[in-house]
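Participant: Dropping in my_file14.cif, which is mmCIF, C-alpha atoms:
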```
data_my_file
loop_
_atom_site.group_PDB
_atom_site.id
_atom_site.type_symbol
_atom_site.label_atom_id
_atom_site.label_comp_id
_atom_site.auth_asym_id
_atom_site.auth_seq_id
_atom_site.Cartn_x
_atom_site.Cartn_y
_atom_site.Cartn_z
ATOM 1 C CA MET A 1 0.000 0.000 0.000
ATOM 2 C CA LYS A 2 1.419 3.362 -1.002
ATOM 3 C CA VAL A 3 1.569 5.654 1.978
ATOM 4 C CA LYS A 4 3.444 8.483 0.260
ATOM 5 C CA LYS A 5 2.933 8.902 -3.458
ATOM 6 C CA ARG A 6 5.661 10.243 -5.693
ATOM 7 C CA ILE A 7 5.275 13.724 -7.105
ATOM 8 C CA PRO A 8 7.616 15.511 -9.528
ATOM 9 C CA PRO A 9 10.633 16.873 -7.636
ATOM 10 C CA HIS A 10 10.786 20.642 -7.122
ATOM 11 C CA LYS A 11 14.197 20.822 -8.824
ATOM 12 C CA LEU A 12 12.734 19.174 -11.940
ATOM 13 C CA LEU A 13 9.825 21.638 -12.021
ATOM 14 C CA GLN A 14 12.152 24.586 -11.374
ATOM 15 C CA THR A 15 14.525 23.547 -14.153
ATOM 16 C CA GLU A 16 11.606 23.102 -16.545
ATOM 17 C CA ALA A 17 10.245 26.552 -15.662
ATOM 18 C CA LEU A 18 13.698 28.097 -16.116
ATOM 19 C CA LEU A 19 14.007 26.569 -19.588
ATOM 20 C CA GLN A 20 10.593 27.921 -20.591
ATOM 21 C CA ARG A 21 11.548 31.438 -19.498
ATOM 22 C CA LEU A 22 15.214 31.526 -20.512
ATOM 23 C CA GLN A 23 15.779 34.140 -23.220
ATOM 24 C CA PRO A 24 17.266 34.414 -25.731
ATOM 25 C CA LEU A 25 16.827 30.883 -27.052
ATOM 26 C CA ASP A 26 20.546 30.713 -27.850
ATOM 27 C CA HIS A 27 21.531 31.711 -24.311
ATOM 28 C CA PRO A 28 25.004 30.291 -23.566
ATOM 29 C CA LYS A 29 23.741 28.444 -20.433
ATOM 30 C CA ARG A 30 20.801 26.798 -22.247
ATOM 31 C CA PRO A 31 22.640 23.548 -23.245
ATOM 32 C CA LEU A 32 23.819 23.050 -19.664
ATOM 33 C CA ILE A 33 20.313 23.646 -18.269
ATOM 34 C CA GLU A 34 18.757 21.379 -20.913
ATOM 35 C CA GLN A 35 21.207 18.618 -20.000
ATOM 36 C CA ASP A 36 20.350 19.021 -16.298
ATOM 37 C CA PHE A 37 16.617 18.954 -17.099
ATOM 38 C CA LYS A 38 16.985 15.807 -19.222
ATOM 39 C CA LYS A 39 18.922 14.063 -16.422
ATOM 40 C CA ARG A 40 16.359 15.033 -13.762
ATOM 41 C CA LYS A 41 13.442 13.998 -15.979
ATOM 42 C CA ALA A 42 15.062 10.607 -16.685
ATOM 43 C CA GLY A 43 15.669 10.082 -12.959
ATOM 44 C CA TYR A 44 12.027 10.826 -12.167
ATOM 45 C CA ALA A 45 10.853 8.513 -14.977
ATOM 46 C CA GLY A 46 13.058 5.752 -13.569
ATOM 47 C CA GLU A 47 11.551 6.183 -10.118
ATOM 48 C CA LEU A 48 8.044 5.975 -11.618
ATOM 49 C CA SER A 49 9.077 2.744 -13.349
ATOM 50 C CA VAL A 50 10.064 1.192 -10.017
ATOM 51 C CA ASP A 51 6.793 2.461 -8.507
ATOM 52 C CA TYR A 52 4.950 0.444 -11.149
ATOM 53 C CA HIS A 53 6.753 -2.754 -10.144
ATOM 54 C CA LEU A 54 6.246 -2.073 -6.430
ATOM 55 C CA SER A 55 2.519 -1.544 -7.067
ATOM 56 C CA PHE A 56 2.192 -5.320 -7.352
ATOM 57 C CA LEU A 57 2.846 -5.575 -3.610
ATOM 58 C CA THR A 58 -0.838 -5.324 -2.766
ATOM 59 C CA ASP A 59 -0.707 -7.021 0.626
ATOM 60 C CA LYS A 60 -1.612 -4.495 3.308
ATOM 61 C CA LYS A 61 1.366 -5.588 5.404
ATOM 62 C CA TYR A 62 3.663 -3.576 3.110
ATOM 63 C CA MET A 63 3.888 0.197 3.170
ATOM 64 C CA ILE A 64 5.686 2.160 0.478
ATOM 65 C CA PHE A 65 7.015 5.667 1.024
ATOM 66 C CA ASN A 66 8.161 7.249 -2.234
ATOM 67 C CA ASP A 67 10.594 10.157 -2.368
ATOM 68 C CA LEU A 68 10.848 10.210 1.410
ATOM 69 C CA SER A 69 12.675 13.108 3.010
ATOM 70 C CA LEU A 70 13.554 12.837 6.701
ATOM 71 C CA PRO A 71 15.000 15.586 8.887
ATOM 72 C CA MET A 72 18.584 15.152 10.003
ATOM 73 C CA GLU A 73 20.891 17.928 11.134
ATOM 74 C CA PRO A 74 22.399 19.724 9.335
ATOM 75 C CA HIS A 75 20.394 18.609 6.250
ATOM 76 C CA ASP A 76 17.428 16.403 5.487
ATOM 77 C CA PHE A 77 18.156 13.134 3.723
ATOM 78 C CA GLN A 78 16.164 11.625 0.879
ATOM 79 C CA ILE A 79 15.303 8.025 0.003
ATOM 80 C CA ASP A 80 13.948 7.217 -3.472
ATOM 81 C CA SER A 81 11.632 4.489 -2.127
ATOM 82 C CA LEU A 82 11.297 2.976 1.328
ATOM 83 C CA LEU A 83 9.502 -0.335 1.634
ATOM 84 C CA VAL A 84 8.305 -1.006 5.181
ATOM 85 C CA THR A 85 7.514 -4.612 6.048
ATOM 86 C CA PRO A 86 6.645 -6.193 9.402
ATOM 87 C CA TYR A 87 10.190 -7.593 9.496
ATOM 88 C CA TYR A 88 12.528 -4.945 8.097
ATOM 89 C CA LEU A 89 12.872 -1.657 6.227
ATOM 90 C CA LEU A 90 14.156 -1.640 2.658
ATOM 91 C CA PRO A 91 15.466 1.655 1.268
ATOM 92 C CA ILE A 92 15.795 1.437 -2.522
ATOM 93 C CA GLU A 93 18.168 3.675 -4.483
ATOM 94 C CA ILE A 94 16.940 3.938 -8.068
ATOM 95 C CA LYS A 95 19.108 4.646 -11.109
ATOM 96 C CA ASN A 96 17.753 5.205 -14.618
ATOM 97 C CA ILE A 97 20.833 4.911 -16.813
ATOM 98 C CA SER A 98 20.785 3.075 -20.125
ATOM 99 C CA GLY A 99 23.653 1.307 -21.802
ATOM 100 C CA ILE A 100 26.448 -0.868 -20.506
ATOM 101 C CA LEU A 101 27.400 0.066 -16.941
ATOM 102 C CA THR A 102 30.473 -1.116 -15.113
ATOM 103 C CA ILE A 103 30.443 -1.521 -11.365
ATOM 104 C CA ASP A 104 33.793 -1.481 -9.595
ATOM 105 C CA PRO A 105 33.383 -2.808 -6.027
ATOM 106 C CA GLU A 106 37.008 -2.044 -5.157
ATOM 107 C CA PHE A 107 36.554 1.689 -5.654
ATOM 108 C CA ASN A 108 32.750 1.885 -5.114
ATOM 109 C CA GLN A 109 32.314 3.292 -8.604
ATOM 110 C CA LEU A 110 29.731 3.110 -11.343
ATOM 111 C CA SER A 111 30.725 4.126 -14.856
ATOM 112 C CA LYS A 112 29.481 4.092 -18.423
ATOM 113 C CA GLU A 113 31.571 4.250 -21.562
ATOM 114 C CA VAL A 114 30.155 5.621 -24.813
ATOM 115 C CA ASN A 115 32.359 6.189 -27.869
ATOM 116 C CA GLY A 116 35.506 5.965 -25.772
ATOM 117 C CA ILE A 117 34.291 8.575 -23.261
ATOM 118 C CA GLU A 118 33.812 7.265 -19.731
ATOM 119 C CA THR A 119 31.319 8.941 -17.406
ATOM 120 C CA GLY A 120 31.122 8.345 -13.652
ATOM 121 C CA TYR A 121 27.896 8.098 -11.672
ATOM 122 C CA GLN A 122 27.061 7.848 -8.012
ATOM 123 C CA ASP A 123 27.357 4.264 -6.868
ATOM 124 C CA PRO A 124 23.866 3.143 -5.745
ATOM 125 C CA ILE A 125 25.245 0.808 -3.079
ATOM 126 C CA THR A 126 27.292 3.562 -1.459
ATOM 127 C CA GLN A 127 24.228 5.819 -1.558
ATOM 128 C CA VAL A 128 21.810 3.266 -0.103
ATOM 129 C CA ASN A 129 24.301 2.258 2.608
ATOM 130 C CA ARG A 130 24.585 5.931 3.587
ATOM 131 C CA GLN A 131 20.759 6.069 3.707
ATOM 132 C CA LYS A 132 20.765 3.000 5.967
ATOM 133 C CA LEU A 133 23.170 4.699 8.389
ATOM 134 C CA LEU A 134 21.113 7.895 8.332
ATOM 135 C CA LEU A 135 17.906 5.919 8.941
ATOM 136 C CA GLN A 136 19.501 4.206 11.930
ATOM 137 C CA LYS A 137 20.615 7.592 13.248
ATOM 138 C CA TRP A 138 17.124 9.035 12.622
ATOM 139 C CA PHE A 139 15.526 6.280 14.736
ATOM 140 C CA LEU A 140 18.119 6.829 17.471
ATOM 141 C CA ASN A 141 17.640 10.627 17.454
ATOM 142 C CA ASN A 142 13.878 10.166 17.707
ATOM 143 C CA LYS A 143 14.268 7.621 20.525
ATOM 144 C CA LEU A 144 12.540 4.916 18.499
ATOM 145 C CA PRO A 145 13.545 1.269 18.255
ATOM 146 C CA CYS A 146 15.324 0.689 14.972
ATOM 147 C CA PRO A 147 14.050 -2.271 12.957
ATOM 148 C CA PRO A 148 16.435 -4.300 10.824
ATOM 149 C CA ILE A 149 17.349 -2.457 7.623
ATOM 150 C CA GLU A 150 18.209 -4.179 4.352
ATOM 151 C CA THR A 151 19.286 -2.252 1.239
ATOM 152 C CA LEU A 152 18.721 -2.455 -2.504
ATOM 153 C CA GLY A 153 20.022 -0.676 -5.590
ATOM 154 C CA GLY A 154 17.613 -0.837 -8.523
ATOM 155 C CA PHE A 155 18.231 -0.003 -12.177
ATOM 156 C CA SER A 156 15.007 1.008 -13.864
ATOM 157 C CA HIS A 157 16.029 1.212 -17.519
ATOM 158 C CA PRO A 158 15.139 -2.152 -19.100
ATOM 159 C CA SER A 159 18.048 -2.112 -21.564
ATOM 160 C CA THR A 160 20.726 -1.493 -18.941
ATOM 161 C CA ILE A 161 23.499 -4.074 -18.974
ATOM 162 C CA LEU A 162 25.414 -4.383 -15.716
ATOM 163 C CA LYS A 163 28.985 -5.631 -15.628
ATOM 164 C CA ILE A 164 31.589 -5.994 -12.915
ATOM 165 C CA ALA A 165 34.938 -4.296 -13.555
ATOM 166 C CA PRO A 166 37.611 -6.603 -15.005
ATOM 167 C CA GLY A 167 39.457 -8.519 -12.308
ATOM 168 C CA GLN A 168 36.702 -7.835 -9.735
ATOM 169 C CA LYS A 169 34.047 -10.119 -8.273
ATOM 170 C CA ARG A 170 30.462 -9.363 -7.353
ATOM 171 C CA ILE A 171 31.030 -9.190 -3.635
ATOM 172 C CA PRO A 172 28.632 -8.149 -0.877
ATOM 173 C CA PRO A 173 27.025 -5.665 -0.802
ATOM 174 C CA TYR A 174 27.058 -5.518 -4.618
ATOM 175 C CA HIS A 175 24.836 -8.587 -4.828
ATOM 176 C CA LYS A 176 22.037 -6.188 -3.808
ATOM 177 C CA ILE A 177 21.850 -4.534 -7.231
ATOM 178 C CA ILE A 178 18.963 -5.606 -9.463
ATOM 179 C CA HIS A 179 16.850 -4.529 -12.409
ATOM 180 C CA ALA A 180 13.601 -2.794 -11.441
ATOM 181 C CA GLN A 181 11.317 -5.547 -12.690
ATOM 182 C CA TYR A 182 12.679 -7.768 -9.906
ATOM 183 C CA THR A 183 11.861 -5.369 -7.049
ATOM 184 C CA CYS A 184 8.661 -7.124 -6.035
#
```
Using structure tokens, write down the structure from this file.
Facilitator:
Amino acid sequence: MKVKKRIPPHKLLQTEALLQRLQPLDHPKRPLIEQDFKKRKAGYAGELSVDYHLSFLTDKKYMIFNDLSLPMEPHDFQIDSLLVTPYYLLPIEIKNISGILTIDPEFNQLSKEVNGIETGYQDPITQVNRQKLLLQKWFLNNKLPCPPIETLGGFSHPSTILKIAPGQKRIPPYHKIIHAQYTC
């Protein structure tokens, strides 16, 4: 059961509004803003894709909090999706990146190579492990008992191919990376 539905992020809406108002049309910052907008829109679309798969968890014993922001000094922290079960919490970090991605467990890196140009991305396992620690701290700060917390990194783009860096093995916690269709 969805407890908190996902709505478009403010940054996405702000970037879209900026693009609509930015004049002249050949403004030197326009390509940079368009690239940022495209990235934010793809991220939101990826999160919606995972929401679809999680919607099959119809049992009332599950609660789903999408785009959850919790207060933590000095800044709030955000979780793409938090699945609450009677037994554990499952924060899910969602990535919507197409193509062939290489995961390097030794350096906690995620990269993509296109036409000989390699681009780095935030490693979903590092992100979701940080969210786990912040969740534990949030429960402690609020004097609440902390349930067990598992973690999951989900890739929402169906054509994404995941590979482990040469010479590396898929070691824990990197076995907790899956394609979105397997989230439920």
Participant: Could you check the closest approach to Leu89 in chain A for each of A:Gln131, A:Gln181, A:Thr15, A:Ser159 and tell me which residue wins, using all atoms listed in the file?
Facilitator: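 Checking each candidate against Leu89 in chain A, we get A:Gln131 as the closest.
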Participant: I would like the residues chosen by the PyMOL selection byres ((chain A and resi 96) around 10) on the shown file; could you give them as a PyMOL selection string?
Facilitator: chain A and resi 39-47+49-50+94-95+97-98+154-158+160+180
Participant: For a quick check of understanding, using only C-alpha atoms, which of A:Pro71, A:Pro9, A:Gly153, A:Gly116 has the smallest distance to His179 in chain A?
Facilitator: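 Between A:Pro71, A:Pro9, A:Gly153, A:Gly116, the residue approaching His179 in chain A most closely is A:Gly153.
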Participant: Any idea what's packed within 7 Å of Leu68 in chain A, counting all atoms listed in the file, ignoring anything in its chain fewer than 5 positions away? Could you give it as a VMD selection string?
Facilitator: chain A and resid 78 to 81
Participant: Of the residues A:Thr85, A:Asn66, A:Asn108, A:Thr102, which is the one nearest to Glu150 in chain A, using only C-alpha atoms?
Facilitator: A:Thr85
Participant: Kindly give the distance, in Å, that separates CA of Lys132 in chain A and CA of Ile161 in chain A, rounded to a single decimal.
Facilitator: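 Interatomic distance here is 26.1 Å.
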Participant: Take the point (26.6, 3.5, -11.3) as written in the file and pick out every residue within 6 Å of it, counting only C-alpha atoms; give the list as a PyMOL selection string.
Facilitator: chain A and resi 110-111+121-123
Participant: Please write the residues from the selection above to a file, keeping C-alpha atoms, as a PDB file, in the frame of the given file.
Facilitator:
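Now in selection_7.pdb:
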```
ATOM      1  CA  LEU A 110      29.731   3.110 -11.343  1.00  0.00           C
ATOM      2  CA  SER A 111      30.725   4.126 -14.856  1.00  0.00           C
ATOM      3  CA  TYR A 121      27.896   8.098 -11.672  1.00  0.00           C
ATOM      4  CA  GLN A 122      27.061   7.848  -8.012  1.00  0.00           C
ATOM      5  CA  ASP A 123      27.357   4.264  -6.868  1.00  0.00           C
TER       6      ASP A 123
END
```
Participant: Quick one: pull the distance between CA of Gly120 in chain A and CA of Pro172 in chain A, Å, one decimal.
Facilitator: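 Here the two named atoms are 21.0 Å from each other.
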Participant: When you count only C-alpha atoms, which of these residues is closest to Phe139 in chain A: A:Leu18, A:Met72, A:Ile7, A:Leu152?
Facilitator: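 Between A:Leu18, A:Met72, A:Ile7, A:Leu152, the residue approaching Phe139 in chain A most closely is A:Met72.
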Participant: Supply range 63-98 of chain A as a short mmCIF file (atom, residue, chain, number, x, y, z; two decimals), keeping the file's coordinate frame, with N, CA and C atoms built in where the input has gaps.
Facilitator:
```cif
data_model
loop_
_atom_site.label_atom_id
_atom_site.label_comp_id
_atom_site.auth_asym_id
_atom_site.auth_seq_id
_atom_site.Cartn_x
_atom_site.Cartn_y
_atom_site.Cartn_z
N MET A 63 4.13 -1.23 3.37
CA MET A 63 3.89 0.20 3.17
C MET A 63 5.03 0.74 2.32
N ILE A 64 4.69 1.60 1.37
CA ILE A 64 5.69 2.16 0.48
C ILE A 64 5.67 3.67 0.61
N PHE A 65 6.84 4.22 0.94
CA PHE A 65 7.02 5.67 1.02
C PHE A 65 7.93 6.08 -0.13
N ASN A 66 7.38 6.81 -1.08
CA ASN A 66 8.16 7.25 -2.23
C ASN A 66 8.71 8.64 -2.01
N ASP A 67 9.94 8.86 -2.48
CA ASP A 67 10.59 10.16 -2.37
C ASP A 67 10.48 10.69 -0.93
N LEU A 68 10.95 9.88 -0.01
CA LEU A 68 10.85 10.21 1.41
C LEU A 68 12.00 11.11 1.83
N SER A 69 11.67 12.20 2.48
CA SER A 69 12.68 13.11 3.01
C SER A 69 12.51 13.15 4.52
N LEU A 70 13.59 12.85 5.24
CA LEU A 70 13.55 12.84 6.70
C LEU A 70 14.52 13.89 7.24
N PRO A 71 14.13 14.55 8.32
CA PRO A 71 15.00 15.59 8.89
C PRO A 71 16.20 14.98 9.61
N MET A 72 17.34 15.57 9.35
CA MET A 72 18.58 15.15 10.00
C MET A 72 19.52 16.35 9.96
N GLU A 73 19.98 16.77 11.10
CA GLU A 73 20.89 17.93 11.13
C GLU A 73 22.22 17.58 10.51
N PRO A 74 22.83 18.38 9.70
CA PRO A 74 22.40 19.72 9.34
C PRO A 74 21.47 19.76 8.12
N HIS A 75 21.26 18.62 7.43
CA HIS A 75 20.39 18.61 6.25
C HIS A 75 19.45 17.42 6.31
N ASP A 76 18.32 17.55 5.64
CA ASP A 76 17.43 16.40 5.49
C ASP A 76 18.12 15.37 4.60
N PHE A 77 17.66 14.13 4.67
CA PHE A 77 18.16 13.13 3.72
C PHE A 77 16.97 12.51 3.01
N GLN A 78 17.22 12.08 1.76
CA GLN A 78 16.16 11.62 0.88
C GLN A 78 16.39 10.17 0.51
N ILE A 79 15.28 9.42 0.42
CA ILE A 79 15.30 8.02 0.00
C ILE A 79 14.34 7.91 -1.17
N ASP A 80 14.80 7.34 -2.29
CA ASP A 80 13.95 7.22 -3.47
C ASP A 80 12.67 6.46 -3.15
N SER A 81 12.79 5.28 -2.57
CA SER A 81 11.63 4.49 -2.13
C SER A 81 12.02 3.75 -0.86
N LEU A 82 11.09 3.73 0.09
CA LEU A 82 11.30 2.98 1.33
C LEU A 82 10.14 2.00 1.47
N LEU A 83 10.48 0.72 1.44
CA LEU A 83 9.50 -0.34 1.63
C LEU A 83 9.55 -0.73 3.11
N VAL A 84 8.40 -0.65 3.77
CA VAL A 84 8.30 -1.01 5.18
C VAL A 84 7.53 -2.31 5.27
N THR A 85 8.16 -3.32 5.86
CA THR A 85 7.51 -4.61 6.05
C THR A 85 7.42 -4.87 7.55
N PRO A 86 6.70 -5.88 7.97
CA PRO A 86 6.64 -6.19 9.40
C PRO A 86 7.99 -6.65 9.96
N TYR A 87 8.93 -7.00 9.06
CA TYR A 87 10.19 -7.59 9.50
C TYR A 87 11.41 -6.70 9.33
N TYR A 88 11.37 -5.80 8.36
CA TYR A 88 12.53 -4.94 8.10
C TYR A 88 12.11 -3.75 7.24
N LEU A 89 13.02 -2.79 7.14
CA LEU A 89 12.87 -1.66 6.23
C LEU A 89 13.79 -1.91 5.03
N LEU A 90 13.35 -1.46 3.86
CA LEU A 90 14.16 -1.64 2.66
C LEU A 90 14.23 -0.32 1.88
N PRO A 91 15.28 0.48 2.13
CA PRO A 91 15.47 1.66 1.27
C PRO A 91 15.97 1.19 -0.10
N ILE A 92 15.41 1.79 -1.16
CA ILE A 92 15.80 1.44 -2.52
C ILE A 92 16.34 2.69 -3.21
N GLU A 93 17.56 2.60 -3.70
CA GLU A 93 18.17 3.68 -4.48
C GLU A 93 17.97 3.33 -5.95
N ILE A 94 17.32 4.22 -6.69
CA ILE A 94 16.94 3.94 -8.07
C ILE A 94 17.81 4.73 -9.04
N LYS A 95 18.32 4.02 -10.04
CA LYS A 95 19.11 4.65 -11.11
C LYS A 95 18.42 4.36 -12.44
N ASN A 96 18.33 5.37 -13.29
CA ASN A 96 17.75 5.20 -14.62
C ASN A 96 18.81 5.60 -15.64
N ILE A 97 19.72 4.68 -15.89
CA ILE A 97 20.83 4.91 -16.81
C ILE A 97 20.81 3.77 -17.82
N SER A 98 20.79 4.12 -19.10
CA SER A 98 20.78 3.08 -20.12
C SER A 98 22.21 2.76 -20.55
#
```
